[in-house]
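J.: Next up is a structure, given as structure tokens.
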2 protein chains.
Amino acid sequence: MWDRFKAAILELIKAEDEELEELFSKCYSQTFQKYEPLSLPGKIPQDVFFIAKGILRVIVTDSKGTEHTVHFATENQFVADYSSFLLNQPGIYTLQALEPMEVVVMPRKAINWGYEHMKEGDKFGRKVAEFYFVYQDNRVKNTYSRTAKERYEMMESIFPQIHQRVPQHMIASYLGITPVHLSRLKKER
Amino acid sequence: MWDRFKAAILELIKAEDEELEELFSKCYSQTFQKYEPLSLPGKIPQDVFFIAKGILRVIVTDSKGTEHTVHFATENQFVADYSSFLLNQPGIYTLQALEPMEVVVMPRKAINWGYEHMKEGDKFGRKVAEFYFVYQDNRVKNTYSRTAKERYEMMESIFPQIHQRVPQHMIASYLGITPVHLSRLKKER
DNA sequence: GTAAAATCTAAACAAATGTTATCGTTTTTA
DNA sequence: TAAAAACGATAACATTTGTTTAGATTTTAC
């Protein structure tokens, strides 16, 4: 688990073993049960998670109380209610485990320590932010330029195991359509 | 113009005057006519723009040739086909001036120079990427949790001058609806 | 292991949104 | 300045998508 965490960091920046050991000493591992929340709206997020095992979804709840699946995250990814984390504001998302999970928790203090003391600390933050900007920008682009059906087919080709790990109504929610409608789209293909 | 550019940078990081002068010597100003493109799809973007005057829209063209307005950008903002710029890949957006524009052009070389030589260069890149991640994340969240009508009303309250500067059909495109539908929504309010 | 809950498909119907066409007005262009 | 083009509102109609309900199957919980 810590090896994979280390490898994920070293894919983005160069870092000395001493730097990483100091950083790791400020992080810790944690497990979550199925359906347990890693982060809740209203609370200022204090942690970024690295997923060693399991899958979660990010949920936003609208003014009518309807839940929308905004995002899925799985092994070897960093995830958080990152906007609120950055702005130091009350969270807007629920991070919900969809399987039993094992994660590395990076508390805010560890991250700030990295920015201040690691040679490429800011570069790490830049790379993570750039990565997620590219990801979000791509999503915005796709919602404009592709139909729900096309996005469903993309999703299947990029992440074929999704059906084994996530119920279909959550996929429909992620696509911004109703479960009934997704069922129809699958049929007509 | 260069003063505003400087102020925009200093809002994000601390920087010495000498650093900024060297950086500025690698940038240049440019004007664009109404409807002129600042960036075109297919070409690898080499520049980030700082808008001193004017307004532009970012357009994506889908497989049927329909244009979708993805974004508006105006005075004191940084703008680019940033995903493609970061990935060094052929652009996916058209950046189109909607008024005569004055911009500061930051070529890739200037930006890389900043990352390598300015004390807070990576921090600047981190702040810009974080800012745009927050912006995009907020948009993704809103498309899930708010109706087109609600997003239209938000837009009006945040940027009331939009109607004076942008034709309504582009606003409809930005909202992901047809001009006819937007006209209906306005009526029923 | 069994009852309860969750899940997916399907059909009928309702509501939301898109399409096309027209008209009057404003803006652009020659 | 006059003709052409762009723009926005509106109406009629078509299409897409959502809602509700039911039933069969699978998963979960006690």
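How things are named: the first chain in the structure tokens is A, the next is B, and so on; residues count from 1 in each chain; ligands count from 1 in the order shown.
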Residues of chain D within 8 Å of chain B: nearest atom pair and distance (Å, one decimal) for each, counting only C-alpha atoms (C1' of nucleotides), sorted by chain and number, as a tab-separated table?

T.:
residue	atom	partner	partner_atom	distance
D:DC7	C1'	B:Pro167	CA	7.9
D:DG8	C1'	B:Ser183	CA	7.7
D:DA9	C1'	B:Ser183	CA	7.0

J.: Could you name the residues that touch B:Phe50 at 8 Å or less, counting only C-alpha atoms (C1' of nucleotides), but leaving out those on the same chain fewer than 3 positions away, as a PyMOL selection string?

T.: chain B and resi 5+76-79+103-106

J.: Tell me as a ChimeraX atom specification which residues belonging to chain B come within 9 Å of chain C, counting only C-alpha atoms (C1' of nucleotides).

T.: /B:177-178,180-181

J.: Taking C-alpha atoms for each residue, export the selection above as a short mmCIF file (atom, residue, chain, number, x, y, z; two decimals), in the first residue's frame.

T.:
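File written: out_4.cif
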data_model
loop_
_atom_site.label_atom_id
_atom_site.label_comp_id
_atom_site.auth_asym_id
_atom_site.auth_seq_id
_atom_site.Cartn_x
_atom_site.Cartn_y
_atom_site.Cartn_z
CA ILE B 177 -30.15 24.51 -24.41
CA THR B 178 -31.57 25.88 -27.64
CA VAL B 180 -35.86 28.95 -28.46
CA HIS B 181 -35.90 27.22 -25.13
#

J.: Record the distance separating atom CA of A:Leu40 and atom CA of B:Leu12, expressed in Å with one decimal.

T.: 29.1 Å

J.: Each residue of chain B lying at most 9 Å from chain A should get a row with its shortest atom-to-atom pair and the distance in Å to one decimal, counting only C-alpha atoms; could you produce that, ordered by chain and increasing number, as a Markdown table?

T.:
| residue | atom | partner | partner_atom | distance |
| --- | --- | --- | --- | --- |
| B:Val60 | CA | A:Lys141 | CA | 7.1 |
| B:Thr61 | CA | A:Ser145 | CA | 7.0 |
| B:Asp62 | CA | A:Ser145 | CA | 4.9 |
| B:Ser63 | CA | A:Ser145 | CA | 7.7 |
| B:Thr66 | CA | A:Ser145 | CA | 8.3 |
| B:Glu67 | CA | A:Ser145 | CA | 8.4 |
| B:His68 | CA | A:Tyr144 | CA | 6.4 |
| B:Thr69 | CA | A:Tyr144 | CA | 8.3 |
| B:Val70 | CA | A:Lys141 | CA | 7.1 |
| B:Tyr82 | CA | A:Val134 | CA | 8.0 |
| B:Ser83 | CA | A:Val134 | CA | 5.1 |
| B:Ser84 | CA | A:Val134 | CA | 8.4 |
| B:Leu86 | CA | A:Glu130 | CA | 7.7 |
| B:Leu87 | CA | A:Val134 | CA | 8.6 |
| B:Tyr115 | CA | A:Lys123 | CA | 8.8 |
| B:Glu120 | CA | A:Asp122 | CA | 8.4 |
| B:Gly121 | CA | A:Asp122 | CA | 8.8 |
| B:Asp122 | CA | A:Lys123 | CA | 5.3 |
| B:Lys123 | CA | A:Asp122 | CA | 5.3 |
| B:Phe124 | CA | A:Arg126 | CA | 8.5 |
| B:Gly125 | CA | A:Arg126 | CA | 5.9 |
| B:Arg126 | CA | A:Arg126 | CA | 3.8 |
| B:Lys127 | CA | A:Arg126 | CA | 7.5 |
| B:Val128 | CA | A:Arg126 | CA | 8.6 |
| B:Ala129 | CA | A:Glu130 | CA | 5.3 |
| B:Glu130 | CA | A:Ala129 | CA | 5.3 |
| B:Phe131 | CA | A:Ala129 | CA | 8.8 |
| B:Tyr132 | CA | A:Phe133 | CA | 6.5 |
| B:Phe133 | CA | A:Phe133 | CA | 4.5 |
| B:Val134 | CA | A:Ser83 | CA | 5.1 |
| B:Tyr135 | CA | A:Ser83 | CA | 8.6 |
| B:Gln136 | CA | A:Gln136 | CA | 6.0 |
| B:Asp137 | CA | A:Gln136 | CA | 6.5 |
| B:Asn138 | CA | A:Ser83 | CA | 8.1 |
| B:Arg139 | CA | A:Val140 | CA | 7.9 |
| B:Val140 | CA | A:Val140 | CA | 6.7 |
| B:Lys141 | CA | A:Val60 | CA | 7.1 |
| B:Thr143 | CA | A:Gly176 | CA | 8.7 |
| B:Tyr144 | CA | A:His68 | CA | 6.4 |
| B:Ser145 | CA | A:Asp62 | CA | 4.9 |
| B:Arg146 | CA | A:Asp62 | CA | 7.2 |
| B:Ser173 | CA | A:Tyr144 | CA | 8.9 |
| B:Tyr174 | CA | A:Tyr144 | CA | 8.7 |
| B:Gly176 | CA | A:Tyr144 | CA | 6.7 |

J.: Write the residues of the preceding selection, restricted to N, CA and C atoms, as a CSV table (one decimal), in the first residue's frame.

T.:
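Result file again_14.csv:
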chain,number,residue,atom,x,y,z
B,60,VAL,N,-16.4,24.4,-28.5
B,60,VAL,CA,-16.1,23.1,-29.0
B,60,VAL,C,-17.1,22.7,-30.1
B,61,THR,N,-16.6,22.0,-31.1
B,61,THR,CA,-17.4,21.6,-32.2
B,61,THR,C,-17.6,20.1,-32.2
B,62,ASP,N,-18.8,19.6,-32.2
B,62,ASP,CA,-19.1,18.2,-32.1
B,62,ASP,C,-19.0,17.5,-33.4
B,63,SER,N,-19.2,16.2,-33.4
B,63,SER,CA,-19.0,15.3,-34.6
B,63,SER,C,-19.9,15.7,-35.7
B,66,THR,N,-21.8,20.9,-35.0
B,66,THR,CA,-22.5,21.9,-34.2
B,66,THR,C,-21.5,22.5,-33.2
B,67,GLU,N,-21.6,23.8,-33.1
B,67,GLU,CA,-20.7,24.5,-32.2
B,67,GLU,C,-21.3,24.7,-30.8
B,68,HIS,N,-20.6,24.5,-29.7
B,68,HIS,CA,-21.1,24.6,-28.4
B,68,HIS,C,-20.2,25.6,-27.6
B,69,THR,N,-20.8,26.6,-27.0
B,69,THR,CA,-20.0,27.6,-26.3
B,69,THR,C,-19.8,27.0,-24.9
B,70,VAL,N,-18.5,26.8,-24.6
B,70,VAL,CA,-18.1,26.1,-23.4
B,70,VAL,C,-17.8,27.1,-22.2
B,82,TYR,N,-6.3,25.1,-22.3
B,82,TYR,CA,-5.3,24.8,-21.3
B,82,TYR,C,-5.0,23.3,-21.2
B,83,SER,N,-6.0,22.5,-21.3
B,83,SER,CA,-5.8,21.1,-21.3
B,83,SER,C,-4.8,20.7,-22.3
B,84,SER,N,-5.1,21.1,-23.5
B,84,SER,CA,-4.2,20.7,-24.6
B,84,SER,C,-2.9,21.3,-24.5
B,86,LEU,N,-1.3,21.9,-21.7
B,86,LEU,CA,-0.6,21.1,-20.7
B,86,LEU,C,-0.2,19.8,-21.2
B,87,LEU,N,-1.0,19.2,-22.0
B,87,LEU,CA,-0.7,17.8,-22.5
B,87,LEU,C,0.2,17.9,-23.8
B,115,TYR,N,8.7,28.6,-14.4
B,115,TYR,CA,8.7,27.4,-13.5
B,115,TYR,C,10.1,27.0,-13.1
B,120,GLU,N,8.7,31.3,-6.9
B,120,GLU,CA,7.4,30.7,-6.7
B,120,GLU,C,6.7,30.4,-8.0
B,121,GLY,N,7.6,30.0,-9.0
B,121,GLY,CA,7.0,29.6,-10.3
B,121,GLY,C,6.1,28.5,-10.3
B,122,ASP,N,6.5,27.4,-9.7
B,122,ASP,CA,5.6,26.2,-9.6
B,122,ASP,C,4.3,26.6,-8.8
B,123,LYS,N,4.5,27.4,-7.8
B,123,LYS,CA,3.4,27.8,-7.0
B,123,LYS,C,2.4,28.6,-7.8
B,124,PHE,N,2.9,29.4,-8.7
B,124,PHE,CA,2.0,30.2,-9.6
B,124,PHE,C,1.2,29.2,-10.5
B,125,GLY,N,1.9,28.2,-11.1
B,125,GLY,CA,1.3,27.2,-11.9
B,125,GLY,C,0.2,26.4,-11.1
B,126,ARG,N,0.6,26.1,-9.8
B,126,ARG,CA,-0.3,25.4,-9.0
B,126,ARG,C,-1.6,26.2,-8.7
B,127,LYS,N,-1.4,27.5,-8.4
B,127,LYS,CA,-2.5,28.4,-8.1
B,127,LYS,C,-3.5,28.5,-9.3
B,128,VAL,N,-2.9,28.7,-10.5
B,128,VAL,CA,-3.7,28.8,-11.7
B,128,VAL,C,-4.5,27.5,-11.9
B,129,ALA,N,-3.8,26.4,-11.8
B,129,ALA,CA,-4.4,25.1,-12.1
B,129,ALA,C,-5.5,24.9,-11.0
B,130,GLU,N,-5.2,25.2,-9.8
B,130,GLU,CA,-6.2,25.0,-8.7
B,130,GLU,C,-7.4,25.9,-8.9
B,131,PHE,N,-7.2,27.2,-9.4
B,131,PHE,CA,-8.3,28.1,-9.6
B,131,PHE,C,-9.2,27.5,-10.7
B,132,TYR,N,-8.6,27.0,-11.8
B,132,TYR,CA,-9.4,26.5,-12.9
B,132,TYR,C,-10.0,25.2,-12.5
B,133,PHE,N,-9.4,24.4,-11.7
B,133,PHE,CA,-10.0,23.2,-11.3
B,133,PHE,C,-11.3,23.5,-10.4
B,134,VAL,N,-11.1,24.4,-9.5
B,134,VAL,CA,-12.3,24.8,-8.7
B,134,VAL,C,-13.4,25.3,-9.6
B,135,TYR,N,-13.0,26.1,-10.6
B,135,TYR,CA,-14.0,26.6,-11.5
B,135,TYR,C,-14.8,25.5,-12.2
B,136,GLN,N,-14.0,24.6,-12.8
B,136,GLN,CA,-14.6,23.5,-13.6
B,136,GLN,C,-15.4,22.6,-12.7
B,137,ASP,N,-14.9,22.3,-11.5
B,137,ASP,CA,-15.6,21.4,-10.6
B,137,ASP,C,-16.9,22.0,-10.2
B,138,ASN,N,-16.9,23.3,-10.0
B,138,ASN,CA,-18.2,24.0,-9.7
B,138,ASN,C,-19.2,23.9,-10.8
B,139,ARG,N,-18.7,24.0,-12.1
B,139,ARG,CA,-19.6,23.9,-13.2
B,139,ARG,C,-20.1,22.5,-13.3
B,140,VAL,N,-19.3,21.5,-13.1
B,140,VAL,CA,-19.7,20.1,-13.2
B,140,VAL,C,-20.8,19.9,-12.1
B,141,LYS,N,-20.5,20.4,-10.9
B,141,LYS,CA,-21.5,20.3,-9.8
B,141,LYS,C,-22.8,20.9,-10.2
B,143,THR,N,-24.1,21.5,-13.2
B,143,THR,CA,-24.9,20.8,-14.2
B,143,THR,C,-25.6,19.6,-13.7
B,144,TYR,N,-25.1,19.1,-12.6
B,144,TYR,CA,-25.8,18.0,-12.0
B,144,TYR,C,-26.9,18.4,-11.1
B,145,SER,N,-26.7,19.5,-10.4
B,145,SER,CA,-27.6,19.8,-9.3
B,145,SER,C,-28.5,21.0,-9.6
B,146,ARG,N,-28.4,21.7,-10.7
B,146,ARG,CA,-29.2,22.8,-11.0
B,146,ARG,C,-29.8,22.7,-12.4
B,173,SER,N,-26.4,28.5,-25.8
B,173,SER,CA,-25.4,27.4,-26.1
B,173,SER,C,-24.6,27.1,-24.8
B,174,TYR,N,-24.2,28.1,-24.1
B,174,TYR,CA,-23.4,27.9,-22.9
B,174,TYR,C,-24.2,27.1,-21.9
B,176,GLY,N,-26.4,25.0,-22.5
B,176,GLY,CA,-26.7,23.6,-23.1
B,176,GLY,C,-28.1,23.5,-23.5

J.: Grab the atom CA of B:Pro90 to atom CA of B:Ala52 distance for me, in Å with one decimal place.

T.: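 Going from atom CA of B:Pro90 over to atom CA of B:Ala52, I get 26.1 Å.
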
J.: Assign secondary structure with DSSP using the backbone only, and return the residues of stretch 30-154 of chain B in helix (DSSP H, G or I) as JSON, numbers by chain.

T.: {"B": [82, 83, 84, 85, 86, 87, 108, 109, 110, 111, 112, 113, 114, 115, 116, 117, 121, 122, 123, 124, 125, 126, 127, 128, 129, 130, 131, 132, 133, 134, 135, 136, 137, 138, 139, 140, 141, 142, 143, 144, 145, 148, 149, 150, 151, 152, 153, 154]}

J.: To one decimal in Å, tell me the separation between atom C1' of D:DA22 and atom CA of A:Leu98.

T.: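 If I compute the distance from atom C1' of D:DA22 to atom CA of A:Leu98, I get 28.7 Å.
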
J.: Near B:Arg57, within 6 Å and counting only C-alpha atoms (C1' of nucleotides), which residues show up once chain neighbours fewer than 5 positions away are dropped, as a PyMOL selection string?

T.: chain B and resi 71-72+95-96

J.: With N, CA and C atoms retained, write the just-selected residues as a PDB file, in the first residue's frame.

T.:
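Full text of part.pdb as output:
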ATOM      1  N   HIS B  71     -17.449  28.291 -22.641  1.00  0.00           N
ATOM      2  CA  HIS B  71     -16.868  29.190 -21.650  1.00  0.00           C
ATOM      3  C   HIS B  71     -16.830  30.613 -22.199  1.00  0.00           C
ATOM      4  N   PHE B  72     -17.000  31.600 -21.311  1.00  0.00           N
ATOM      5  CA  PHE B  72     -16.714  32.995 -21.637  1.00  0.00           C
ATOM      6  C   PHE B  72     -15.544  33.458 -20.766  1.00  0.00           C
ATOM      7  N   LEU B  95     -10.847  29.536 -29.557  1.00  0.00           N
ATOM      8  CA  LEU B  95     -10.994  30.738 -28.737  1.00  0.00           C
ATOM      9  C   LEU B  95     -11.315  31.868 -29.686  1.00  0.00           C
ATOM     10  N   GLN B  96     -12.515  32.410 -29.548  1.00  0.00           N
ATOM     11  CA  GLN B  96     -12.984  33.404 -30.505  1.00  0.00           C
ATOM     12  C   GLN B  96     -13.280  34.742 -29.827  1.00  0.00           C
TER      13      GLN B  96
END

J.: Apply DSSP to the backbone of this structure and, from stretch 91-158 of chain B, keep only the residues in strand (DSSP E or B); write these as number ranges by chain.

T.: B: 94-97, 101-107

J.: Which residue out of B:Gly91, B:Arg165, B:Ile158, B:Leu20 has the minimum interatomic distance to B:Ala7 when only C-alpha atoms are used?

T.: B:Leu20
